[in-house]
Amino acid sequence: MSDTADVPPEVLTAVGAKHRALWALGDYPAVATEVIPELGPALVEAAGVEPGDRVLDVGAGSGNAAIPAALAGARVVASDLTPELFDAGRIAAAASGADLTWAEGDAHALPYDDGAFDIVLSCVGVMFAPFHQRAADELVRVTRPGGTIGLASWTPSGFIGQMFAAMKPYAPAPPPGAQPPPLWGDEEHVRALFGDRVTDVHAEVRGLPVTRFATGREFREFFKAVYGPTIAVYRNVEGDTARTTELDGALLDLAARFQRVDGAMDWEYLLFTARRA
C-alpha cells in the first residue's frame, strides 16, 4: 500500500484543513438531496440498523445516511470534517422528525472511544479521506466487537470513478501517500484494508438510478456549481482557456458515455458490510 496508518500529525492537520475547505465549496447538500437521495437509505437497510443501536456516520455530510438511521430508531452521531454541511442536515432532520447529534470529526482520527458504536456507516464519505489505511483502522477501532461496518463507495469503473479519472489531469496534486477515492469501491482493496479484523463480509456492486439531468451539459453545469471537487479542479485551471475548454469537453464526453437516450444514468457503487471480529 502507498499509505500507512502512521501519518504525521502535521500532515493530517494540513490535509484536514484543505479537505474541509474543499467540501465547503458549492452546495454538497444539493447533490445529496437532488441526485443521490436513495443511497443513504440503501446503506442503512443493508447495515441492519435497528432501534436503540449506537450508530456513527463517518463523513456524514448533510445526513444522507445519518437521518434515515435516526428515523429507524438508532442513536446517531453524524460526524464530518466539514461542519458547514450540518446546517442543511439539521433542517432536513427537523423536517423529517429525526433526532440525532452532529459533531465535527476527521475520519483519520475519530474523537471516540474504542468500540463506542454498534454500527459504523459511511455513505460516499470516508472514501474521500486520502489515507485509506488510517481511515479503515479508525472505522474498525470505534466499532464494538461483533458490530457492523457498512460502506457505500463509488467504484473506479462507474460514473463518479470515471469522473475523477477525467478530472485528474486538471486537478491539483494530491498529498504524498494519498490514494484515489474510488479505490474504496474496489472489493479487494477494501478487504485488504480491513484484513482479518472483520468477518461475514458481504460486498455487492449496485447501480444507483440518477434521473436529475436531462443532458450532459446540465450535469456538467450542476457539478461545476455545487460539487466541491469539481469546483476545485476548475479553479486549478482558471485563466487557462484551453485547459478549461478541454475539461469542459472531458465532462461532456463522460456524460455521453453513461447517459441513456432518456437522460437517465446508473451510477455504480460498492455496498460493503462486515462484522468486526
# chains A, B, ... in the order shown; residues from 1 in each chain; ligands from 1
call {"tool": "closest_atom_pairs", "arguments": {"of": "stretch 127-231 of chain A", "to": "stretch 99-121 of chain A", "cutoff": "8 Å", "atoms": "only C-alpha atoms", "output": "CSV"}}
result
residue,atom,partner,partner_atom,distance
A:Ala129,CA,A:Ala107,CA,6.6
A:Phe131,CA,A:His108,CA,7.4
A:Arg134,CA,A:His108,CA,5.7
A:Ala135,CA,A:His108,CA,4.8
A:Glu138,CA,A:Leu110,CA,6.5
A:Leu139,CA,A:Val120,CA,6.8
A:Arg141,CA,A:Asp114,CA,5.2
A:Val142,CA,A:Gly115,CA,4.4
A:Thr143,CA,A:Gly115,CA,4.5
A:Arg144,CA,A:Gly115,CA,3.6
A:Pro145,CA,A:Gly115,CA,6.8
A:Gly146,CA,A:Asp118,CA,8.0
A:Gly147,CA,A:Asp118,CA,4.8
A:Thr148,CA,A:Ile119,CA,4.7
A:Ile149,CA,A:Val120,CA,4.9
A:Gly150,CA,A:Leu121,CA,4.8
A:Leu151,CA,A:Leu121,CA,5.7
call {"tool": "write_last_selection", "arguments": {"atoms": "N, CA, C and O atoms", "output": "short mmCIF file (atom, residue, chain, number, x, y, z; two decimals), in the first residue's frame"}}
result
data_model
loop_
_atom_site.label_atom_id
_atom_site.label_comp_id
_atom_site.auth_asym_id
_atom_site.auth_seq_id
_atom_site.Cartn_x
_atom_site.Cartn_y
_atom_site.Cartn_z
N ALA A 129 -11.33 10.35 2.40
CA ALA A 129 -10.20 10.52 3.30
C ALA A 129 -8.97 9.94 2.59
O ALA A 129 -8.95 8.75 2.28
N PHE A 131 -5.91 8.99 3.21
CA PHE A 131 -5.04 7.94 3.75
C PHE A 131 -5.91 6.75 4.15
O PHE A 131 -6.44 6.66 5.26
N ARG A 134 -5.28 4.38 7.33
CA ARG A 134 -5.55 5.08 8.59
C ARG A 134 -7.05 5.19 8.82
O ARG A 134 -7.55 4.97 9.93
N ALA A 135 -7.81 5.56 7.78
CA ALA A 135 -9.26 5.69 7.92
C ALA A 135 -9.92 4.35 8.22
O ALA A 135 -10.81 4.26 9.07
N GLU A 138 -9.47 3.40 11.81
CA GLU A 138 -10.36 4.15 12.68
C GLU A 138 -11.78 3.59 12.66
O GLU A 138 -12.45 3.50 13.70
N LEU A 139 -12.26 3.18 11.49
CA LEU A 139 -13.59 2.57 11.40
C LEU A 139 -13.66 1.33 12.28
O LEU A 139 -14.62 1.12 13.02
N ARG A 141 -11.65 0.56 14.81
CA ARG A 141 -11.40 0.88 16.22
C ARG A 141 -12.67 1.29 16.96
O ARG A 141 -12.91 0.87 18.10
N VAL A 142 -13.50 2.12 16.33
CA VAL A 142 -14.66 2.66 17.05
C VAL A 142 -15.88 1.75 16.96
O VAL A 142 -16.92 2.03 17.57
N THR A 143 -15.76 0.64 16.22
CA THR A 143 -16.85 -0.34 16.15
C THR A 143 -16.64 -1.40 17.24
O THR A 143 -15.54 -1.92 17.40
N ARG A 144 -17.67 -1.72 17.99
CA ARG A 144 -17.53 -2.73 19.04
C ARG A 144 -17.30 -4.10 18.42
O ARG A 144 -17.75 -4.37 17.30
N PRO A 145 -16.63 -5.01 19.11
CA PRO A 145 -16.52 -6.38 18.62
C PRO A 145 -17.90 -6.97 18.35
O PRO A 145 -18.80 -6.86 19.19
N GLY A 146 -18.08 -7.54 17.18
CA GLY A 146 -19.38 -8.05 16.78
C GLY A 146 -20.27 -7.02 16.12
O GLY A 146 -21.34 -7.34 15.62
N GLY A 147 -19.82 -5.75 16.13
CA GLY A 147 -20.60 -4.69 15.49
C GLY A 147 -20.41 -4.69 13.99
O GLY A 147 -19.60 -5.43 13.43
N THR A 148 -21.15 -3.82 13.32
CA THR A 148 -21.20 -3.80 11.86
C THR A 148 -20.56 -2.55 11.30
O THR A 148 -20.75 -1.45 11.81
N ILE A 149 -19.80 -2.74 10.22
CA ILE A 149 -19.29 -1.65 9.41
C ILE A 149 -20.01 -1.70 8.07
O ILE A 149 -20.06 -2.76 7.43
N GLY A 150 -20.59 -0.59 7.65
CA GLY A 150 -21.31 -0.54 6.38
C GLY A 150 -20.87 0.65 5.55
O GLY A 150 -20.85 1.78 6.04
N LEU A 151 -20.50 0.39 4.30
CA LEU A 151 -19.95 1.43 3.44
C LEU A 151 -20.63 1.42 2.07
O LEU A 151 -20.88 0.35 1.51
#
call {"tool": "residues_around", "arguments": {"residues": "A:Gly195", "least_positions_apart": "4", "cutoff": "12 Å", "atoms": "only C-alpha atoms", "output": "list in words"}}
result
Gln133, Ala136, Asp137, Val140, Glu187, Glu188, His189, Val190, Arg191, Thr199, Asp200, Val201, Ala274, Arg275, Arg276 and Ala277 of chain A
call {"tool": "residues_around", "arguments": {"residues": "stretch 80-93 of chain A", "least_positions_apart": "3", "cutoff": "7 Å", "atoms": "only C-alpha atoms", "output": "list in words"}}
result
Arg20, Trp23, Ala24, Pro29, Val58, Gly59, Ala60, Gly61, Ser62, Gly63, Ile67, Ser96, Gly97, Ala98, Asp99, Trp102, Ala103, Glu104, Gly105 and Asp106 of chain A
call {"tool": "write_last_selection", "arguments": {"atoms": "all heavy atoms", "output": "CSV table (one decimal), in the first residue's frame"}}
result
chain,number,residue,atom,x,y,z
A,20,ARG,N,-11.5,20.2,4.4
A,20,ARG,CA,-12.7,20.9,4.9
A,20,ARG,C,-13.1,22.1,4.0
A,20,ARG,O,-14.2,22.2,3.7
A,20,ARG,CB,-12.4,21.5,6.3
A,20,ARG,CG,-13.5,22.4,6.9
A,20,ARG,CD,-13.2,22.8,8.3
A,20,ARG,NE,-14.2,23.8,8.7
A,20,ARG,CZ,-14.4,24.2,9.9
A,20,ARG,NH1,-13.6,23.8,10.9
A,20,ARG,NH2,-15.4,25.1,10.2
A,23,TRP,N,-14.8,20.7,0.7
A,23,TRP,CA,-16.2,20.2,0.7
A,23,TRP,C,-17.1,21.4,1.2
A,23,TRP,O,-18.4,21.2,1.1
A,23,TRP,CB,-16.3,19.0,1.6
A,23,TRP,CG,-15.7,17.8,1.0
A,23,TRP,CD1,-14.5,17.3,1.3
A,23,TRP,CD2,-16.2,17.1,-0.1
A,23,TRP,NE1,-14.2,16.2,0.5
A,23,TRP,CE2,-15.3,16.1,-0.4
A,23,TRP,CE3,-17.4,17.1,-0.8
A,23,TRP,CZ2,-15.4,15.1,-1.4
A,23,TRP,CZ3,-17.6,16.2,-1.8
A,23,TRP,CH2,-16.6,15.2,-2.1
A,24,ALA,N,-16.6,22.5,1.6
A,24,ALA,CA,-17.4,23.6,1.9
A,24,ALA,C,-17.7,24.4,0.7
A,24,ALA,O,-18.6,25.3,0.7
A,24,ALA,CB,-16.7,24.5,3.0
A,29,PRO,N,-25.0,19.5,-0.1
A,29,PRO,CA,-26.3,19.0,0.2
A,29,PRO,C,-27.2,18.9,-1.0
A,29,PRO,O,-28.1,18.1,-1.0
A,29,PRO,CB,-26.8,20.0,1.3
A,29,PRO,CG,-25.5,20.5,2.0
A,29,PRO,CD,-24.5,20.6,0.9
A,58,VAL,N,-19.7,8.3,9.4
A,58,VAL,CA,-18.5,9.0,9.2
A,58,VAL,C,-18.5,9.7,7.8
A,58,VAL,O,-18.8,9.1,6.8
A,58,VAL,CB,-17.3,8.0,9.2
A,58,VAL,CG1,-16.0,8.7,9.0
A,58,VAL,CG2,-17.3,7.3,10.6
A,59,GLY,N,-18.1,10.9,7.8
A,59,GLY,CA,-18.2,11.7,6.5
A,59,GLY,C,-19.7,11.9,6.2
A,59,GLY,O,-20.1,11.7,5.0
A,60,ALA,N,-20.5,12.3,7.2
A,60,ALA,CA,-21.9,12.2,7.1
A,60,ALA,C,-22.5,13.3,6.2
A,60,ALA,O,-23.6,13.2,5.7
A,60,ALA,CB,-22.5,12.4,8.5
A,61,GLY,N,-21.7,14.4,5.9
A,61,GLY,CA,-22.2,15.5,5.1
A,61,GLY,C,-23.4,16.1,5.7
A,61,GLY,O,-23.5,16.5,6.9
A,62,SER,N,-24.5,16.1,5.0
A,62,SER,CA,-25.8,16.7,5.5
A,62,SER,C,-26.7,15.6,5.9
A,62,SER,O,-27.9,15.9,6.1
A,62,SER,CB,-26.4,17.6,4.4
A,62,SER,OG,-26.6,16.9,3.2
A,63,GLY,N,-26.2,14.4,6.1
A,63,GLY,CA,-27.0,13.3,6.7
A,63,GLY,C,-27.7,12.4,5.8
A,63,GLY,O,-28.7,11.8,6.2
A,67,ILE,N,-29.6,10.5,8.8
A,67,ILE,CA,-31.0,10.8,9.1
A,67,ILE,C,-31.9,9.6,8.9
A,67,ILE,O,-32.7,9.3,9.8
A,67,ILE,CB,-31.5,12.0,8.1
A,67,ILE,CG1,-30.8,13.3,8.6
A,67,ILE,CG2,-33.0,12.1,8.2
A,67,ILE,CD1,-31.1,14.5,7.6
A,96,SER,N,-38.0,16.0,8.9
A,96,SER,CA,-38.4,14.6,8.8
A,96,SER,C,-38.7,14.0,10.2
A,96,SER,O,-39.1,12.9,10.3
A,96,SER,CB,-37.3,13.7,8.2
A,96,SER,OG,-36.1,13.8,8.9
A,97,GLY,N,-38.4,14.8,11.3
A,97,GLY,CA,-38.7,14.3,12.6
A,97,GLY,C,-37.6,13.5,13.2
A,97,GLY,O,-37.8,12.7,14.1
A,98,ALA,N,-36.3,13.6,12.6
A,98,ALA,CA,-35.2,12.8,13.1
A,98,ALA,C,-34.5,13.5,14.2
A,98,ALA,O,-34.2,14.7,14.1
A,98,ALA,CB,-34.3,12.5,11.9
A,99,ASP,N,-34.1,12.8,15.2
A,99,ASP,CA,-33.3,13.3,16.3
A,99,ASP,C,-31.9,12.7,16.3
A,99,ASP,O,-31.8,11.5,16.4
A,99,ASP,CB,-34.0,13.0,17.6
A,99,ASP,CG,-33.3,13.6,18.8
A,99,ASP,OD1,-32.5,14.6,18.6
A,99,ASP,OD2,-33.5,13.2,19.9
A,102,TRP,N,-24.9,16.1,15.7
A,102,TRP,CA,-24.0,16.5,14.7
A,102,TRP,C,-22.7,16.9,15.3
A,102,TRP,O,-22.6,17.7,16.3
A,102,TRP,CB,-24.5,17.7,13.9
A,102,TRP,CG,-25.9,17.4,13.3
A,102,TRP,CD1,-27.1,17.5,13.9
A,102,TRP,CD2,-26.1,16.9,12.0
A,102,TRP,NE1,-28.1,17.1,13.0
A,102,TRP,CE2,-27.6,16.7,11.9
A,102,TRP,CE3,-25.3,16.5,10.9
A,102,TRP,CZ2,-28.2,16.3,10.7
A,102,TRP,CZ3,-25.9,16.1,9.7
A,102,TRP,CH2,-27.3,15.9,9.6
A,103,ALA,N,-21.6,16.3,14.8
A,103,ALA,CA,-20.3,16.5,15.5
A,103,ALA,C,-19.1,16.6,14.5
A,103,ALA,O,-19.0,15.7,13.6
A,103,ALA,CB,-20.0,15.4,16.5
A,104,GLU,N,-18.3,17.6,14.6
A,104,GLU,CA,-17.1,17.7,13.7
A,104,GLU,C,-16.1,16.6,14.1
A,104,GLU,O,-15.9,16.3,15.2
A,104,GLU,CB,-16.5,19.0,13.9
A,104,GLU,CG,-15.3,19.3,13.0
A,104,GLU,CD,-14.7,20.7,13.1
A,104,GLU,OE1,-15.4,21.5,13.7
A,104,GLU,OE2,-13.6,20.9,12.5
A,105,GLY,N,-15.6,15.9,13.0
A,105,GLY,CA,-14.6,14.9,13.3
A,105,GLY,C,-13.9,14.5,12.0
A,105,GLY,O,-14.5,14.4,10.9
A,106,ASP,N,-12.6,14.2,12.1
A,106,ASP,CA,-11.8,13.7,10.9
A,106,ASP,C,-11.8,12.2,10.9
A,106,ASP,O,-11.5,11.6,11.9
A,106,ASP,CB,-10.4,14.3,11.1
A,106,ASP,CG,-9.5,14.1,9.9
A,106,ASP,OD1,-9.8,13.2,9.1
A,106,ASP,OD2,-8.4,14.7,9.8
call {"tool": "residues_around", "arguments": {"residues": "A:Ala171", "least_positions_apart": "2", "cutoff": "7 Å", "atoms": "only C-alpha atoms", "output": "VMD selection string"}}
result
chain A and resid 167 to 169 173 233 236
call {"tool": "write_last_selection", "arguments": {"atoms": "C-alpha atoms", "output": "PDB file, in the first residue's frame"}}
result
ATOM      1  CA  MET A 167     -10.699  15.452 -13.903  1.00  0.00           C
ATOM      2  CA  LYS A 168      -7.337  14.117 -12.691  1.00  0.00           C
ATOM      3  CA  PRO A 169      -5.175  15.729 -15.418  1.00  0.00           C
ATOM      4  CA  ALA A 173      -1.525  17.270  -6.988  1.00  0.00           C
ATOM      5  CA  VAL A 233     -10.490  21.412 -10.429  1.00  0.00           C
ATOM      6  CA  ASN A 236      -6.957  24.993 -10.681  1.00  0.00           C
TER       7      ASN A 236
END
call {"tool": "closest_atom_pairs", "arguments": {"of": "stretch 22-122 of chain A", "to": "stretch 255-267 of chain A", "cutoff": "12 Å", "atoms": "only C-alpha atoms", "output": "Markdown table"}}
result
| residue | atom | partner | partner_atom | distance |
| --- | --- | --- | --- | --- |
| A:Val35 | CA | A:Trp267 | CA | 10.3 |
| A:Ile36 | CA | A:Trp267 | CA | 9.3 |
| A:Glu38 | CA | A:Trp267 | CA | 11.8 |
| A:Leu39 | CA | A:Trp267 | CA | 10.5 |
call {"tool": "select_by_dssp", "arguments": {"residues": "stretch 75-144 of chain A", "states": "alpha helix (DSSP H)", "output": "VMD selection string"}}
result
chain A and resid 86 to 96 132 to 142
call {"tool": "write_last_selection", "arguments": {"atoms": "N, CA, C and O atoms", "output": "PDB file, in the first residue's frame"}}
result
ATOM      1  N   PHE A  86     -23.572  20.903   8.114  1.00  0.00           N
ATOM      2  CA  PHE A  86     -24.556  20.482   9.117  1.00  0.00           C
ATOM      3  C   PHE A  86     -25.832  21.316   9.106  1.00  0.00           C
ATOM      4  O   PHE A  86     -26.888  20.814   9.482  1.00  0.00           O
ATOM      5  N   ASP A  87     -25.744  22.574   8.717  1.00  0.00           N
ATOM      6  CA  ASP A  87     -26.940  23.413   8.749  1.00  0.00           C
ATOM      7  C   ASP A  87     -28.045  22.817   7.878  1.00  0.00           C
ATOM      8  O   ASP A  87     -29.206  22.727   8.302  1.00  0.00           O
ATOM      9  N   ALA A  88     -27.685  22.420   6.663  1.00  0.00           N
ATOM     10  CA  ALA A  88     -28.668  21.797   5.777  1.00  0.00           C
ATOM     11  C   ALA A  88     -29.160  20.484   6.366  1.00  0.00           C
ATOM     12  O   ALA A  88     -30.342  20.136   6.246  1.00  0.00           O
ATOM     13  N   GLY A  89     -28.257  19.754   7.012  1.00  0.00           N
ATOM     14  CA  GLY A  89     -28.649  18.490   7.632  1.00  0.00           C
ATOM     15  C   GLY A  89     -29.618  18.692   8.775  1.00  0.00           C
ATOM     16  O   GLY A  89     -30.586  17.937   8.918  1.00  0.00           O
ATOM     17  N   ARG A  90     -29.374  19.682   9.585  1.00  0.00           N
ATOM     18  CA  ARG A  90     -30.281  19.957  10.711  1.00  0.00           C
ATOM     19  C   ARG A  90     -31.682  20.319  10.210  1.00  0.00           C
ATOM     20  O   ARG A  90     -32.690  19.903  10.785  1.00  0.00           O
ATOM     21  N   ILE A  91     -31.741  21.100   9.135  1.00  0.00           N
ATOM     22  CA  ILE A  91     -33.038  21.483   8.575  1.00  0.00           C
ATOM     23  C   ILE A  91     -33.768  20.240   8.051  1.00  0.00           C
ATOM     24  O   ILE A  91     -34.965  20.044   8.305  1.00  0.00           O
ATOM     25  N   ALA A  92     -33.039  19.371   7.333  1.00  0.00           N
ATOM     26  CA  ALA A  92     -33.649  18.153   6.802  1.00  0.00           C
ATOM     27  C   ALA A  92     -34.086  17.216   7.922  1.00  0.00           C
ATOM     28  O   ALA A  92     -35.154  16.585   7.849  1.00  0.00           O
ATOM     29  N   ALA A  93     -33.269  17.116   8.961  1.00  0.00           N
ATOM     30  CA  ALA A  93     -33.609  16.248  10.092  1.00  0.00           C
ATOM     31  C   ALA A  93     -34.865  16.743  10.793  1.00  0.00           C
ATOM     32  O   ALA A  93     -35.762  15.958  11.129  1.00  0.00           O
ATOM     33  N   ALA A  94     -34.938  18.049  11.009  1.00  0.00           N
ATOM     34  CA  ALA A  94     -36.116  18.609  11.675  1.00  0.00           C
ATOM     35  C   ALA A  94     -37.374  18.388  10.842  1.00  0.00           C
ATOM     36  O   ALA A  94     -38.446  18.066  11.380  1.00  0.00           O
ATOM     37  N   ALA A  95     -37.245  18.537   9.526  1.00  0.00           N
ATOM     38  CA  ALA A  95     -38.401  18.372   8.644  1.00  0.00           C
ATOM     39  C   ALA A  95     -38.910  16.932   8.639  1.00  0.00           C
ATOM     40  O   ALA A  95     -40.114  16.686   8.470  1.00  0.00           O
ATOM     41  N   SER A  96     -37.989  15.978   8.852  1.00  0.00           N
ATOM     42  CA  SER A  96     -38.379  14.565   8.819  1.00  0.00           C
ATOM     43  C   SER A  96     -38.681  14.004  10.203  1.00  0.00           C
ATOM     44  O   SER A  96     -39.102  12.850  10.332  1.00  0.00           O
ATOM     45  N   HIS A 132      -6.057   5.846   3.218  1.00  0.00           N
ATOM     46  CA  HIS A 132      -7.071   4.795   3.334  1.00  0.00           C
ATOM     47  C   HIS A 132      -6.861   3.878   4.523  1.00  0.00           C
ATOM     48  O   HIS A 132      -7.814   3.539   5.226  1.00  0.00           O
ATOM     49  N   GLN A 133      -5.619   3.443   4.740  1.00  0.00           N
ATOM     50  CA  GLN A 133      -5.392   2.504   5.835  1.00  0.00           C
ATOM     51  C   GLN A 133      -5.696   3.142   7.180  1.00  0.00           C
ATOM     52  O   GLN A 133      -6.310   2.527   8.054  1.00  0.00           O
ATOM     53  N   ARG A 134      -5.282   4.375   7.330  1.00  0.00           N
ATOM     54  CA  ARG A 134      -5.549   5.079   8.585  1.00  0.00           C
ATOM     55  C   ARG A 134      -7.055   5.194   8.824  1.00  0.00           C
ATOM     56  O   ARG A 134      -7.547   4.969   9.932  1.00  0.00           O
ATOM     57  N   ALA A 135      -7.812   5.555   7.775  1.00  0.00           N
ATOM     58  CA  ALA A 135      -9.258   5.691   7.918  1.00  0.00           C
ATOM     59  C   ALA A 135      -9.916   4.349   8.216  1.00  0.00           C
ATOM     60  O   ALA A 135     -10.811   4.261   9.067  1.00  0.00           O
ATOM     61  N   ALA A 136      -9.470   3.296   7.554  1.00  0.00           N
ATOM     62  CA  ALA A 136     -10.028   1.962   7.806  1.00  0.00           C
ATOM     63  C   ALA A 136      -9.749   1.529   9.238  1.00  0.00           C
ATOM     64  O   ALA A 136     -10.615   0.941   9.905  1.00  0.00           O
ATOM     65  N   ASP A 137      -8.548   1.809   9.724  1.00  0.00           N
ATOM     66  CA  ASP A 137      -8.204   1.459  11.102  1.00  0.00           C
ATOM     67  C   ASP A 137      -9.130   2.161  12.089  1.00  0.00           C
ATOM     68  O   ASP A 137      -9.539   1.578  13.110  1.00  0.00           O
ATOM     69  N   GLU A 138      -9.473   3.405  11.805  1.00  0.00           N
ATOM     70  CA  GLU A 138     -10.361   4.152  12.684  1.00  0.00           C
ATOM     71  C   GLU A 138     -11.781   3.585  12.660  1.00  0.00           C
ATOM     72  O   GLU A 138     -12.450   3.504  13.696  1.00  0.00           O
ATOM     73  N   LEU A 139     -12.257   3.185  11.487  1.00  0.00           N
ATOM     74  CA  LEU A 139     -13.587   2.571  11.400  1.00  0.00           C
ATOM     75  C   LEU A 139     -13.657   1.325  12.279  1.00  0.00           C
ATOM     76  O   LEU A 139     -14.624   1.115  13.017  1.00  0.00           O
ATOM     77  N   VAL A 140     -12.612   0.504  12.188  1.00  0.00           N
ATOM     78  CA  VAL A 140     -12.584  -0.722  12.989  1.00  0.00           C
ATOM     79  C   VAL A 140     -12.499  -0.385  14.477  1.00  0.00           C
ATOM     80  O   VAL A 140     -13.214  -0.961  15.312  1.00  0.00           O
ATOM     81  N   ARG A 141     -11.654   0.559  14.809  1.00  0.00           N
ATOM     82  CA  ARG A 141     -11.404   0.879  16.220  1.00  0.00           C
ATOM     83  C   ARG A 141     -12.672   1.288  16.958  1.00  0.00           C
ATOM     84  O   ARG A 141     -12.910   0.867  18.098  1.00  0.00           O
ATOM     85  N   VAL A 142     -13.500   2.124  16.334  1.00  0.00           N
ATOM     86  CA  VAL A 142     -14.656   2.657  17.049  1.00  0.00           C
ATOM     87  C   VAL A 142     -15.881   1.745  16.962  1.00  0.00           C
ATOM     88  O   VAL A 142     -16.919   2.029  17.565  1.00  0.00           O
TER      89      VAL A 142
END
call {"tool": "select_by_dssp", "arguments": {"residues": "stretch 9-76 of chain A", "states": "strand (DSSP E or B)", "output": "PyMOL selection string"}}
result
chain A and resi 54-58+75-76
call {"tool": "write_last_selection", "arguments": {"atoms": "N, CA and C atoms", "output": "mmCIF file, in the first residue's frame"}}
result
data_model
loop_
_atom_site.group_PDB
_atom_site.id
_atom_site.type_symbol
_atom_site.label_atom_id
_atom_site.label_comp_id
_atom_site.auth_asym_id
_atom_site.auth_seq_id
_atom_site.Cartn_x
_atom_site.Cartn_y
_atom_site.Cartn_z
ATOM 1 N N ARG A 54 -26.357 2.111 18.602
ATOM 2 C CA ARG A 54 -25.471 3.279 18.622
ATOM 3 C C ARG A 54 -24.788 3.340 17.261
ATOM 4 N N VAL A 55 -25.082 4.380 16.486
ATOM 5 C CA VAL A 55 -24.617 4.469 15.094
ATOM 6 C C VAL A 55 -23.754 5.711 14.908
ATOM 7 N N LEU A 56 -22.613 5.521 14.235
ATOM 8 C CA LEU A 56 -21.767 6.630 13.814
ATOM 9 C C LEU A 56 -21.765 6.667 12.292
ATOM 10 N N ASP A 57 -22.078 7.840 11.733
ATOM 11 C CA ASP A 57 -21.987 8.040 10.289
ATOM 12 C C ASP A 57 -20.756 8.900 10.035
ATOM 13 N N VAL A 58 -19.747 8.322 9.396
ATOM 14 C CA VAL A 58 -18.463 8.985 9.167
ATOM 15 C C VAL A 58 -18.494 9.671 7.794
ATOM 16 N N ARG A 75 -29.584 5.626 17.836
ATOM 17 C CA ARG A 75 -28.970 6.796 18.470
ATOM 18 C C ARG A 75 -27.763 7.162 17.606
ATOM 19 N N VAL A 76 -27.889 8.229 16.853
ATOM 20 C CA VAL A 76 -26.959 8.508 15.756
ATOM 21 C C VAL A 76 -26.086 9.723 16.031
#
call {"tool": "closest_residue", "arguments": {"among": "A:Leu252, A:Trp184, A:Gly73, A:Gln179", "to": "A:Phe219", "atoms": "only C-alpha atoms"}}
result
A:Leu252
call {"tool": "residues_around", "arguments": {"residues": "A:Leu25", "least_positions_apart": "3", "cutoff": "8 Å", "atoms": "only C-alpha atoms", "output": "PDB file with all heavy atoms, in the first residue's frame"}}
result
ATOM      1  N   ALA A  21     -12.077  22.804   3.540  1.00  0.00           N
ATOM      2  CA  ALA A  21     -12.361  23.912   2.623  1.00  0.00           C
ATOM      3  C   ALA A  21     -12.927  23.401   1.302  1.00  0.00           C
ATOM      4  O   ALA A  21     -13.841  24.015   0.727  1.00  0.00           O
ATOM      5  CB  ALA A  21     -11.083  24.711   2.384  1.00  0.00           C
ATOM      6  N   LEU A  22     -12.407  22.276   0.824  1.00  0.00           N
ATOM      7  CA  LEU A  22     -12.877  21.706  -0.442  1.00  0.00           C
ATOM      8  C   LEU A  22     -14.362  21.377  -0.389  1.00  0.00           C
ATOM      9  O   LEU A  22     -15.141  21.758  -1.284  1.00  0.00           O
ATOM     10  CB  LEU A  22     -12.072  20.439  -0.752  1.00  0.00           C
ATOM     11  CG  LEU A  22     -12.560  19.589  -1.931  1.00  0.00           C
ATOM     12  CD1 LEU A  22     -12.248  20.285  -3.242  1.00  0.00           C
ATOM     13  CD2 LEU A  22     -11.918  18.202  -1.905  1.00  0.00           C
ATOM     14  N   TYR A  28     -22.813  20.905  -1.464  1.00  0.00           N
ATOM     15  CA  TYR A  28     -22.900  19.447  -1.500  1.00  0.00           C
ATOM     16  C   TYR A  28     -24.275  18.918  -1.080  1.00  0.00           C
ATOM     17  O   TYR A  28     -24.740  17.917  -1.644  1.00  0.00           O
ATOM     18  CB  TYR A  28     -21.805  18.792  -0.642  1.00  0.00           C
ATOM     19  CG  TYR A  28     -21.902  17.288  -0.728  1.00  0.00           C
ATOM     20  CD1 TYR A  28     -21.465  16.617  -1.860  1.00  0.00           C
ATOM     21  CD2 TYR A  28     -22.490  16.545   0.298  1.00  0.00           C
ATOM     22  CE1 TYR A  28     -21.605  15.246  -1.976  1.00  0.00           C
ATOM     23  CE2 TYR A  28     -22.630  15.172   0.188  1.00  0.00           C
ATOM     24  CZ  TYR A  28     -22.178  14.528  -0.948  1.00  0.00           C
ATOM     25  OH  TYR A  28     -22.334  13.175  -1.071  1.00  0.00           O
ATOM     26  N   VAL A 226     -21.937  23.159  -7.763  1.00  0.00           N
ATOM     27  CA  VAL A 226     -22.232  22.699  -6.400  1.00  0.00           C
ATOM     28  C   VAL A 226     -21.253  21.681  -5.824  1.00  0.00           C
ATOM     29  O   VAL A 226     -21.196  21.514  -4.599  1.00  0.00           O
ATOM     30  CB  VAL A 226     -23.668  22.101  -6.314  1.00  0.00           C
ATOM     31  CG1 VAL A 226     -24.703  23.083  -6.842  1.00  0.00           C
ATOM     32  CG2 VAL A 226     -23.785  20.769  -7.036  1.00  0.00           C
ATOM     33  N   TYR A 227     -20.477  20.967  -6.643  1.00  0.00           N
ATOM     34  CA  TYR A 227     -19.678  19.843  -6.147  1.00  0.00           C
ATOM     35  C   TYR A 227     -18.245  20.283  -5.894  1.00  0.00           C
ATOM     36  O   TYR A 227     -17.515  20.625  -6.831  1.00  0.00           O
ATOM     37  CB  TYR A 227     -19.729  18.697  -7.151  1.00  0.00           C
ATOM     38  CG  TYR A 227     -19.195  17.369  -6.634  1.00  0.00           C
ATOM     39  CD1 TYR A 227     -19.790  16.725  -5.555  1.00  0.00           C
ATOM     40  CD2 TYR A 227     -18.105  16.753  -7.242  1.00  0.00           C
ATOM     41  CE1 TYR A 227     -19.311  15.507  -5.098  1.00  0.00           C
ATOM     42  CE2 TYR A 227     -17.627  15.532  -6.784  1.00  0.00           C
ATOM     43  CZ  TYR A 227     -18.237  14.916  -5.713  1.00  0.00           C
ATOM     44  OH  TYR A 227     -17.766  13.698  -5.258  1.00  0.00           O
ATOM     45  N   GLY A 228     -17.833  20.267  -4.621  1.00  0.00           N
ATOM     46  CA  GLY A 228     -16.536  20.792  -4.231  1.00  0.00           C
ATOM     47  C   GLY A 228     -15.359  20.334  -5.072  1.00  0.00           C
ATOM     48  O   GLY A 228     -14.580  21.163  -5.557  1.00  0.00           O
ATOM     49  N   ILE A 231     -15.505  21.971  -8.507  1.00  0.00           N
ATOM     50  CA  ILE A 231     -15.213  23.395  -8.396  1.00  0.00           C
ATOM     51  C   ILE A 231     -13.708  23.617  -8.237  1.00  0.00           C
ATOM     52  O   ILE A 231     -13.113  24.493  -8.878  1.00  0.00           O
ATOM     53  CB  ILE A 231     -15.965  24.009  -7.197  1.00  0.00           C
ATOM     54  CG1 ILE A 231     -17.479  23.948  -7.432  1.00  0.00           C
ATOM     55  CG2 ILE A 231     -15.526  25.451  -6.957  1.00  0.00           C
ATOM     56  CD1 ILE A 231     -18.304  24.301  -6.198  1.00  0.00           C
TER      57      ILE A 231
END
